Amino acid sequence: MNSDLDDHNPRVLKENPFKHLDRAISACAKYSVYTIIDLHSAPGGQSGGWHADAGMHRPMFWKHRDFQDRVVWLWKEIAAHYKDNPWVAGYNLLNEPADPTPSARGLIRLYDRLFQAIREEVMDTRHIIFLDGNTFATDFSGFPEDVKDGIRWPNTAFAIHDYAVEGFPGERGENYEGTPEEVAAIRQKYERKRRWMDERGLCVWNGEWGPVYARKEYDGEETDRINARRESVLRDQLAIYKEDKLSWSIWLYKDIGFQGMVYVSRDTPYMQHFCDFLARKHRLAVDAWGKDDTHVKHIYKPIETLIQESVADPAYLKLYPPIWSVQERVTRVSRTILVAEFLVKEWAEMFRGMDEQRLEELARSFRFENCRKRDGLNRQLRENAGLDLTK
C-alpha cells in the first residue's frame, strides 16, 4: 500500500489505489483462498530491519507521532474499502514491529488506536485482526493482561514469526541432522514465542516461517546436500505445527530462487540481465535476509573485535533489539546498509535506455509459466495438507 502514498502529500490516496490489491484478492477468491492484508512497512520504519524500508537501522516510526497518525489513517481507508469483502480473512496491522520503548508502550498505544479506528470508526467487526508481537513478532511480554477477556481487543489472533536458525546459513544450519536434541531446540524456541498467549488461552498464528535454499550458481556441488538439510528442518517444523494444530503462512510464494515455492527461471530475460550483478551481491553478502558471509566474514570480524574489546562493560554491548548481537549489528549497519547503498545506483543504471517493450519483457520473467517449482518444499506442503500428490 505504501506505493500509493506520497510523502509530500500525506493522507491523500492516489487515483484507484486499491486496484492491484483488489486484483490479487480476487485471484485468490477465485480458488476459494482467503487473504490477510499485511502492512509490511510503515512510514519511518517500524523496525531497523531491511524489510521496514527505512534505509537505516533505527526505527523512526516510534519517534514521530505523524508517522503513526498516517498509519492509523491508512488503516481506516483499507478497512473502509474491504469492510464487506468476505474473502479478506483479516488485517495484520503492522509487520514485525520493534518498539524500543519500555514494555512496548508505543506499540500498545498504536494497537489501541488502530482498534478504535477499525472497530469503532469504520465499524468493521467481522474481520480478524492479527497482531505481531514486539521485537520482530517474538515478544509479547509487554502486552496488556486485559486482552484475555476479549473486551479490549476482540476477534484477534496474535502472530509470531518462527524462523529457525537451523534453516539458514551458519553453523547450526550446516550441521543439522534432525536429531531429537536439534528438534527439541527448534520446539523450545517456538514454544517460547507463543508462551504468553498459551498461558492466557489466546489464539496464536504463525505469520511467517520457512528455511532458505542453496542455489547451484552460488553453492555448486554442495547445493543438493544443503537443501536436503533445509528440507529436513522444514519437515520437523511442519510436524511440530501439525501436532499443535497451529495455523501458519509460510514465507514465501515467489522469488528469484532463495526461498519461494516457485522462483524465476535462470534463463528468463530478468535473470540473464542481472545475473552478474546478483552474483556480486551474493558474494558481498549485502542482502540482509539469509546472508551467507563466507566470502567477506574475515573483513568485518576485526570491526566486531574492536567494538567488543573497546567497550568497558559487556553489558553496554546489549542494545535494542536484543536479538541483534554485535556481529549482527555490524552486519546490518556496515554491510547491508553502508556497502549496499553504493550498489543501488548501479542497479538502477541497468534499466537505463530500456523502452516499454523491454521493461515488459523483464516483467514477464515473473509470470508463473516462466517460473520453476521448488519440488521438495511443495511436496512437503502438500503431504502436510493431506493433498493427493498424483495430481
# chains A, B, ... in the order shown; residues from 1 in each chain; ligands from 1
>>> residues_around(residues="A:Gly48", least_positions_apart="3", cutoff="8 Å", atoms="only C-alpha atoms", output="PyMOL selection string")
chain A and resi 45+52+54+56-59+98
>>> write_last_selection(atoms="C-alpha atoms", output="PDB file, in the first residue's frame")
ATOM      1  CA  GLY A  45      10.304   2.230   9.516  1.00  0.00           C
ATOM      2  CA  ALA A  52      10.774  -1.965   7.068  1.00  0.00           C
ATOM      3  CA  ALA A  54      13.593   2.883   6.472  1.00  0.00           C
ATOM      4  CA  MET A  56      18.681   2.908   8.286  1.00  0.00           C
ATOM      5  CA  HIS A  57      18.900   0.676  11.343  1.00  0.00           C
ATOM      6  CA  ARG A  58      16.853   2.897  13.662  1.00  0.00           C
ATOM      7  CA  PRO A  59      13.023   2.752  13.574  1.00  0.00           C
ATOM      8  CA  ALA A  98      10.467  -3.260  17.041  1.00  0.00           C
TER       9      ALA A  98
END
>>> closest_atom_pairs(of="stretch 144-170 of chain A", to="stretch 231-240 of chain A", cutoff="9 Å", atoms="only C-alpha atoms", output="CSV")
residue,atom,partner,partner_atom,distance
A:Ala164,CA,A:Val233,CA,8.0
A:Glu166,CA,A:Val233,CA,6.8
A:Gly167,CA,A:Val233,CA,5.9
>>> select_by_dssp(residues="stretch 88-139 of chain A", states="strand (DSSP E or B)", output="list in words")
Val88, Ala89, Gly90, Tyr91, Asn92, Ile128, Ile129, Phe130, Leu131, Asp132 and Asp139 of chain A
>>> residues_around(residues="A:Asp84", least_positions_apart="6", cutoff="10 Å", atoms="only C-alpha atoms", output="PyMOL selection string")
chain A and resi 124+126-127
>>> atom_distance(atom1="atom CA of A:Asp99", atom2="atom CA of A:Ser141")
12.5 Å
>>> closest_residue(among="A:Lys242, A:Lys193, A:Trp324, A:Ala312", to="A:Glu383", atoms="only C-alpha atoms")
A:Lys242
>>> atom_distance(atom1="atom CA of A:Phe140", atom2="atom CA of A:Lys245")
20.6 Å
>>> residues_around(residues="A:Val326", least_positions_apart="3", cutoff="7 Å", atoms="only C-alpha atoms", output="JSON, numbers by chain")
{"A": [304, 317, 329, 330]}
>>> write_last_selection(atoms="C-alpha atoms", output="mmCIF file, in the first residue's frame")
data_model
loop_
_atom_site.group_PDB
_atom_site.id
_atom_site.type_symbol
_atom_site.label_atom_id
_atom_site.label_comp_id
_atom_site.auth_asym_id
_atom_site.auth_seq_id
_atom_site.Cartn_x
_atom_site.Cartn_y
_atom_site.Cartn_z
ATOM 1 C CA GLU A 304 33.374 -6.753 15.738
ATOM 2 C CA LEU A 317 27.073 -4.212 24.164
ATOM 3 C CA ARG A 329 24.608 -5.100 14.269
ATOM 4 C CA VAL A 330 27.901 -4.706 12.419
#
>>> atom_distance(atom1="atom CA of A:Gly90", atom2="atom CA of A:Asp38")
8.9 Å
>>> closest_residue(among="A:His295, A:Arg195, A:Lys76, A:His81", to="A:Leu21", atoms="only C-alpha atoms")
A:His81
>>> closest_atom_pairs(of="stretch 133-224 of chain A", to="stretch 283-289 of chain A", cutoff="12 Å", atoms="only C-alpha atoms", output="JSON lines")
{"residue": "A:Tyr163", "atom": "CA", "partner": "A:Trp289", "partner_atom": "CA", "distance": 11.5}
{"residue": "A:Val165", "atom": "CA", "partner": "A:Trp289", "partner_atom": "CA", "distance": 11.9}
{"residue": "A:Phe168", "atom": "CA", "partner": "A:Trp289", "partner_atom": "CA", "distance": 9.5}
{"residue": "A:Pro169", "atom": "CA", "partner": "A:Trp289", "partner_atom": "CA", "distance": 10.3}
{"residue": "A:Pro211", "atom": "CA", "partner": "A:Trp289", "partner_atom": "CA", "distance": 11.1}
{"residue": "A:Val212", "atom": "CA", "partner": "A:Trp289", "partner_atom": "CA", "distance": 9.2}
{"residue": "A:Tyr213", "atom": "CA", "partner": "A:Trp289", "partner_atom": "CA", "distance": 11.8}
{"residue": "A:Glu217", "atom": "CA", "partner": "A:Arg283", "partner_atom": "CA", "distance": 11.4}
{"residue": "A:Tyr218", "atom": "CA", "partner": "A:Arg283", "partner_atom": "CA", "distance": 8.5}
{"residue": "A:Asp219", "atom": "CA", "partner": "A:Arg283", "partner_atom": "CA", "distance": 10.9}
>>> residues_around(residues="stretch 339-347 of chain A", least_positions_apart="5", cutoff="12 Å", atoms="only C-alpha atoms", output="CSV table (one decimal) with all heavy atoms, in the first residue's frame")
chain,number,residue,atom,x,y,z
A,50,TRP,N,15.7,-4.5,7.3
A,50,TRP,CA,15.7,-4.1,5.8
A,50,TRP,C,14.3,-4.0,5.3
A,50,TRP,O,13.9,-3.2,4.4
A,50,TRP,CB,16.5,-5.1,5.0
A,50,TRP,CG,16.0,-6.5,5.1
A,50,TRP,CD1,16.4,-7.4,6.0
A,50,TRP,CD2,15.1,-7.1,4.3
A,50,TRP,NE1,15.7,-8.6,5.8
A,50,TRP,CE2,14.9,-8.5,4.7
A,50,TRP,CE3,14.4,-6.7,3.1
A,50,TRP,CZ2,14.0,-9.4,4.1
A,50,TRP,CZ3,13.5,-7.6,2.5
A,50,TRP,CH2,13.3,-8.9,3.0
A,55,GLY,N,15.7,2.5,5.4
A,55,GLY,CA,17.0,3.0,4.9
A,55,GLY,C,18.1,3.2,5.9
A,55,GLY,O,19.2,3.7,5.7
A,56,MET,N,17.8,2.8,7.2
A,56,MET,CA,18.7,2.9,8.3
A,56,MET,C,18.3,1.8,9.3
A,56,MET,O,17.3,1.1,9.2
A,56,MET,CB,18.6,4.3,8.9
A,56,MET,CG,17.2,4.7,9.4
A,56,MET,SD,17.1,6.4,10.0
A,56,MET,CE,18.3,6.4,11.3
A,273,HIS,N,19.8,-10.7,-17.5
A,273,HIS,CA,20.2,-9.4,-17.4
A,273,HIS,C,21.0,-9.0,-16.1
A,273,HIS,O,22.0,-8.3,-16.2
A,273,HIS,CB,19.0,-8.4,-17.6
A,273,HIS,CG,19.4,-7.0,-17.7
A,273,HIS,ND1,20.1,-6.4,-18.8
A,273,HIS,CD2,19.2,-5.9,-16.9
A,273,HIS,CE1,20.3,-5.1,-18.6
A,273,HIS,NE2,19.8,-4.8,-17.4
A,274,PHE,N,20.5,-9.5,-15.0
A,274,PHE,CA,21.0,-9.2,-13.7
A,274,PHE,C,22.0,-10.3,-13.1
A,274,PHE,O,22.4,-10.2,-12.0
A,274,PHE,CB,19.9,-8.9,-12.7
A,274,PHE,CG,19.2,-7.6,-13.0
A,274,PHE,CD1,17.9,-7.6,-13.6
A,274,PHE,CD2,19.7,-6.4,-12.7
A,274,PHE,CE1,17.2,-6.5,-13.8
A,274,PHE,CE2,19.1,-5.2,-13.0
A,274,PHE,CZ,17.8,-5.2,-13.5
A,275,CYS,N,22.3,-11.3,-13.9
A,275,CYS,CA,23.0,-12.4,-13.4
A,275,CYS,C,24.3,-12.0,-12.7
A,275,CYS,O,24.5,-12.4,-11.6
A,275,CYS,CB,23.3,-13.4,-14.6
A,275,CYS,SG,24.3,-14.8,-14.1
A,276,ASP,N,25.1,-11.3,-13.4
A,276,ASP,CA,26.4,-10.9,-12.8
A,276,ASP,C,26.3,-10.0,-11.6
A,276,ASP,O,27.0,-10.2,-10.6
A,276,ASP,CB,27.3,-10.3,-13.9
A,276,ASP,CG,27.7,-11.2,-15.0
A,276,ASP,OD1,27.6,-12.5,-14.8
A,276,ASP,OD2,28.1,-10.7,-16.1
A,277,PHE,N,25.4,-9.1,-11.7
A,277,PHE,CA,25.1,-8.2,-10.5
A,277,PHE,C,24.6,-9.0,-9.3
A,277,PHE,O,25.1,-8.7,-8.2
A,277,PHE,CB,24.1,-7.1,-10.9
A,277,PHE,CG,23.9,-6.1,-9.9
A,277,PHE,CD1,24.8,-5.1,-9.7
A,277,PHE,CD2,22.7,-6.1,-9.1
A,277,PHE,CE1,24.6,-4.1,-8.7
A,277,PHE,CE2,22.5,-5.2,-8.1
A,277,PHE,CZ,23.5,-4.2,-7.9
A,278,LEU,N,23.7,-9.9,-9.5
A,278,LEU,CA,23.2,-10.7,-8.4
A,278,LEU,C,24.3,-11.5,-7.8
A,278,LEU,O,24.3,-11.7,-6.6
A,278,LEU,CB,22.0,-11.5,-8.9
A,278,LEU,CG,20.7,-10.8,-9.2
A,278,LEU,CD1,19.7,-11.8,-9.9
A,278,LEU,CD2,20.1,-10.1,-8.1
A,280,ARG,N,27.4,-10.8,-7.6
A,280,ARG,CA,28.3,-9.9,-6.8
A,280,ARG,C,27.6,-9.6,-5.5
A,280,ARG,O,28.3,-9.5,-4.5
A,280,ARG,CB,28.6,-8.7,-7.6
A,280,ARG,CG,29.6,-7.7,-6.9
A,280,ARG,CD,30.5,-7.0,-7.9
A,280,ARG,NE,29.7,-6.6,-9.1
A,280,ARG,CZ,29.2,-5.3,-9.2
A,280,ARG,NH1,29.3,-4.4,-8.3
A,280,ARG,NH2,28.5,-5.0,-10.3
A,281,LYS,N,26.3,-9.3,-5.5
A,281,LYS,CA,25.6,-9.1,-4.3
A,281,LYS,C,25.7,-10.2,-3.3
A,281,LYS,O,25.9,-10.1,-2.1
A,281,LYS,CB,24.1,-8.8,-4.6
A,281,LYS,CG,23.8,-7.4,-5.0
A,281,LYS,CD,22.3,-7.2,-5.3
A,281,LYS,CE,21.5,-7.5,-4.1
A,281,LYS,NZ,20.0,-7.4,-4.3
A,282,HIS,N,25.6,-11.4,-3.9
A,282,HIS,CA,25.7,-12.6,-3.1
A,282,HIS,C,27.1,-12.7,-2.5
A,282,HIS,O,27.2,-13.0,-1.2
A,282,HIS,CB,25.4,-13.9,-3.9
A,282,HIS,CG,25.6,-15.1,-3.1
A,282,HIS,ND1,24.7,-15.6,-2.2
A,282,HIS,CD2,26.6,-16.1,-3.2
A,282,HIS,CE1,25.1,-16.7,-1.7
A,282,HIS,NE2,26.3,-17.0,-2.3
A,284,LEU,N,29.2,-10.4,-1.8
A,284,LEU,CA,29.4,-9.4,-0.9
A,284,LEU,C,28.5,-9.5,0.4
A,284,LEU,O,28.7,-8.8,1.3
A,284,LEU,CB,29.2,-8.0,-1.5
A,284,LEU,CG,30.2,-7.6,-2.6
A,284,LEU,CD1,29.8,-6.3,-3.3
A,284,LEU,CD2,31.6,-7.4,-2.0
A,285,ALA,N,27.5,-10.4,0.3
A,285,ALA,CA,26.6,-10.6,1.4
A,285,ALA,C,25.9,-9.3,1.8
A,285,ALA,O,25.7,-9.0,3.0
A,285,ALA,CB,27.2,-11.3,2.5
A,286,VAL,N,25.5,-8.5,0.8
A,286,VAL,CA,24.9,-7.2,1.1
A,286,VAL,C,23.3,-7.3,1.3
A,286,VAL,O,22.7,-6.3,1.8
A,286,VAL,CB,25.2,-6.1,0.1
A,286,VAL,CG1,26.6,-5.8,0.1
A,286,VAL,CG2,24.7,-6.6,-1.3
A,287,ASP,N,22.8,-8.4,1.0
A,287,ASP,CA,21.3,-8.6,1.3
A,287,ASP,C,21.3,-9.2,2.7
A,287,ASP,O,21.9,-10.2,3.1
A,287,ASP,CB,20.7,-9.6,0.3
A,287,ASP,CG,20.4,-9.0,-1.0
A,287,ASP,OD1,20.2,-7.8,-1.0
A,287,ASP,OD2,20.5,-9.7,-2.0
A,288,ALA,N,20.5,-8.5,3.6
A,288,ALA,CA,20.4,-8.9,5.0
A,288,ALA,C,19.8,-10.3,5.2
A,288,ALA,O,20.1,-11.0,6.1
A,288,ALA,CB,19.7,-7.8,5.8
A,296,VAL,N,33.2,-12.7,2.9
A,296,VAL,CA,33.6,-11.4,3.5
A,296,VAL,C,33.7,-11.4,5.0
A,296,VAL,O,34.0,-10.4,5.6
A,296,VAL,CB,32.6,-10.4,3.0
A,296,VAL,CG1,32.6,-10.2,1.5
A,296,VAL,CG2,31.1,-10.7,3.5
A,300,TYR,N,34.9,-8.2,8.2
A,300,TYR,CA,34.2,-7.5,9.2
A,300,TYR,C,34.5,-8.0,10.6
A,300,TYR,O,34.2,-7.3,11.6
A,300,TYR,CB,32.7,-7.7,8.9
A,300,TYR,CG,32.2,-7.0,7.6
A,300,TYR,CD1,32.2,-7.8,6.4
A,300,TYR,CD2,31.9,-5.7,7.6
A,300,TYR,CE1,31.9,-7.2,5.2
A,300,TYR,CE2,31.6,-5.1,6.4
A,300,TYR,CZ,31.6,-5.8,5.2
A,300,TYR,OH,31.2,-5.2,4.0
A,330,VAL,N,26.9,-5.1,13.4
A,330,VAL,CA,27.9,-4.7,12.4
A,330,VAL,C,27.5,-5.1,11.0
A,330,VAL,O,27.6,-4.3,10.0
A,330,VAL,CB,29.2,-5.4,12.8
A,330,VAL,CG1,30.3,-5.2,11.6
A,330,VAL,CG2,29.8,-4.8,14.1
A,331,THR,N,26.9,-6.3,10.9
A,331,THR,CA,26.4,-6.7,9.6
A,331,THR,C,25.3,-5.8,9.0
A,331,THR,O,25.4,-5.3,7.9
A,331,THR,CB,25.8,-8.1,9.7
A,331,THR,OG1,26.8,-9.1,10.0
A,331,THR,CG2,25.0,-8.5,8.4
A,332,ARG,N,24.4,-5.4,9.9
A,332,ARG,CA,23.3,-4.6,9.4
A,332,ARG,C,23.8,-3.2,9.0
A,332,ARG,O,23.4,-2.7,8.0
A,332,ARG,CB,22.3,-4.4,10.5
A,332,ARG,CG,21.6,-5.7,11.0
A,332,ARG,CD,20.4,-6.1,10.2
A,332,ARG,NE,19.8,-7.3,10.6
A,332,ARG,CZ,18.6,-7.7,10.4
A,332,ARG,NH1,17.8,-6.9,9.7
A,332,ARG,NH2,18.1,-8.9,10.8
A,333,VAL,N,24.6,-2.6,9.8
A,333,VAL,CA,25.0,-1.2,9.6
A,333,VAL,C,26.1,-1.1,8.6
A,333,VAL,O,26.0,-0.2,7.6
A,333,VAL,CB,25.4,-0.5,10.9
A,333,VAL,CG1,25.9,0.9,10.7
A,333,VAL,CG2,24.3,-0.6,12.0
A,334,SER,N,27.1,-1.9,8.7
A,334,SER,CA,28.3,-1.6,7.8
A,334,SER,C,28.1,-2.3,6.4
A,334,SER,O,28.7,-1.8,5.4
A,334,SER,CB,29.6,-2.1,8.5
A,334,SER,OG,29.5,-3.5,8.7
A,352,ARG,N,18.6,1.8,-17.5
A,352,ARG,CA,18.7,2.9,-18.4
A,352,ARG,C,18.6,2.6,-19.8
A,352,ARG,O,19.2,1.6,-20.3
A,352,ARG,CB,19.9,3.7,-18.1
A,352,ARG,CG,20.0,5.1,-18.9
A,352,ARG,CD,21.3,5.8,-18.6
A,352,ARG,NE,21.3,6.3,-17.2
A,352,ARG,CZ,20.7,7.4,-16.7
A,352,ARG,NH1,19.9,8.1,-17.6
A,352,ARG,NH2,20.8,7.7,-15.5
>>> closest_residue(among="A:Glu171, A:Glu181, A:Asp7, A:Glu309", to="A:Phe67", atoms="only C-alpha atoms")
A:Asp7
>>> closest_residue(among="A:Gln327, A:Arg229, A:Asp355, A:Arg70", to="A:Thr179", atoms="only C-alpha atoms")
A:Arg229
>>> closest_atom_pairs(of="stretch 199-267 of chain A", to="stretch 136-139 of chain A", cutoff="10 Å", atoms="only C-alpha atoms", output="tab-separated table")
residue	atom	partner	partner_atom	distance
A:Asn206	CA	A:Ala137	CA	9.3
A:Gly207	CA	A:Ala137	CA	8.9
A:Glu208	CA	A:Ala137	CA	9.3
>>> closest_residue(among="A:Glu121, A:Glu174, A:Glu360, A:Glu191", to="A:Glu222", atoms="only C-alpha atoms")
A:Glu174
>>> closest_residue(among="A:Leu107, A:Thr294, A:Thr35, A:Phe366", to="A:Gly257", atoms="only C-alpha atoms")
A:Phe366
>>> residues_around(residues="A:Ser32", least_positions_apart="3", cutoff="12 Å", atoms="only C-alpha atoms", output="PyMOL selection string")
chain A and resi 25-29+35+86-89
>>> closest_atom_pairs(of="stretch 159-218 of chain A", to="stretch 128-134 of chain A", cutoff="10 Å", atoms="only C-alpha atoms", output="CSV")
residue,atom,partner,partner_atom,distance
A:Ala159,CA,A:Asp132,CA,4.5
A:Ile160,CA,A:Asp132,CA,6.1
A:His161,CA,A:Asp132,CA,8.1
A:Lys193,CA,A:Gly133,CA,8.8
A:Arg194,CA,A:Gly133,CA,9.6
A:Cys203,CA,A:Phe130,CA,9.7
A:Val204,CA,A:Phe130,CA,9.2
A:Trp205,CA,A:Phe130,CA,8.0
A:Asn206,CA,A:Asp132,CA,9.4
A:Gly207,CA,A:Asp132,CA,8.3
>>> write_last_selection(atoms="C-alpha atoms", output="tab-separated table (two decimals), in the first residue's frame")
chain	number	residue	atom	x	y	z
A	159	ALA	CA	1.09	-13.51	15.39
A	160	ILE	CA	4.52	-15.00	15.91
A	161	HIS	CA	7.21	-15.38	13.25
A	193	LYS	CA	7.49	-17.25	21.31
A	194	ARG	CA	3.91	-18.42	21.91
A	203	CYS	CA	-5.26	-17.59	19.57
A	204	VAL	CA	-1.79	-17.94	18.02
A	205	TRP	CA	-0.99	-17.62	14.32
A	206	ASN	CA	2.44	-18.16	12.76
A	207	GLY	CA	2.52	-15.44	10.13
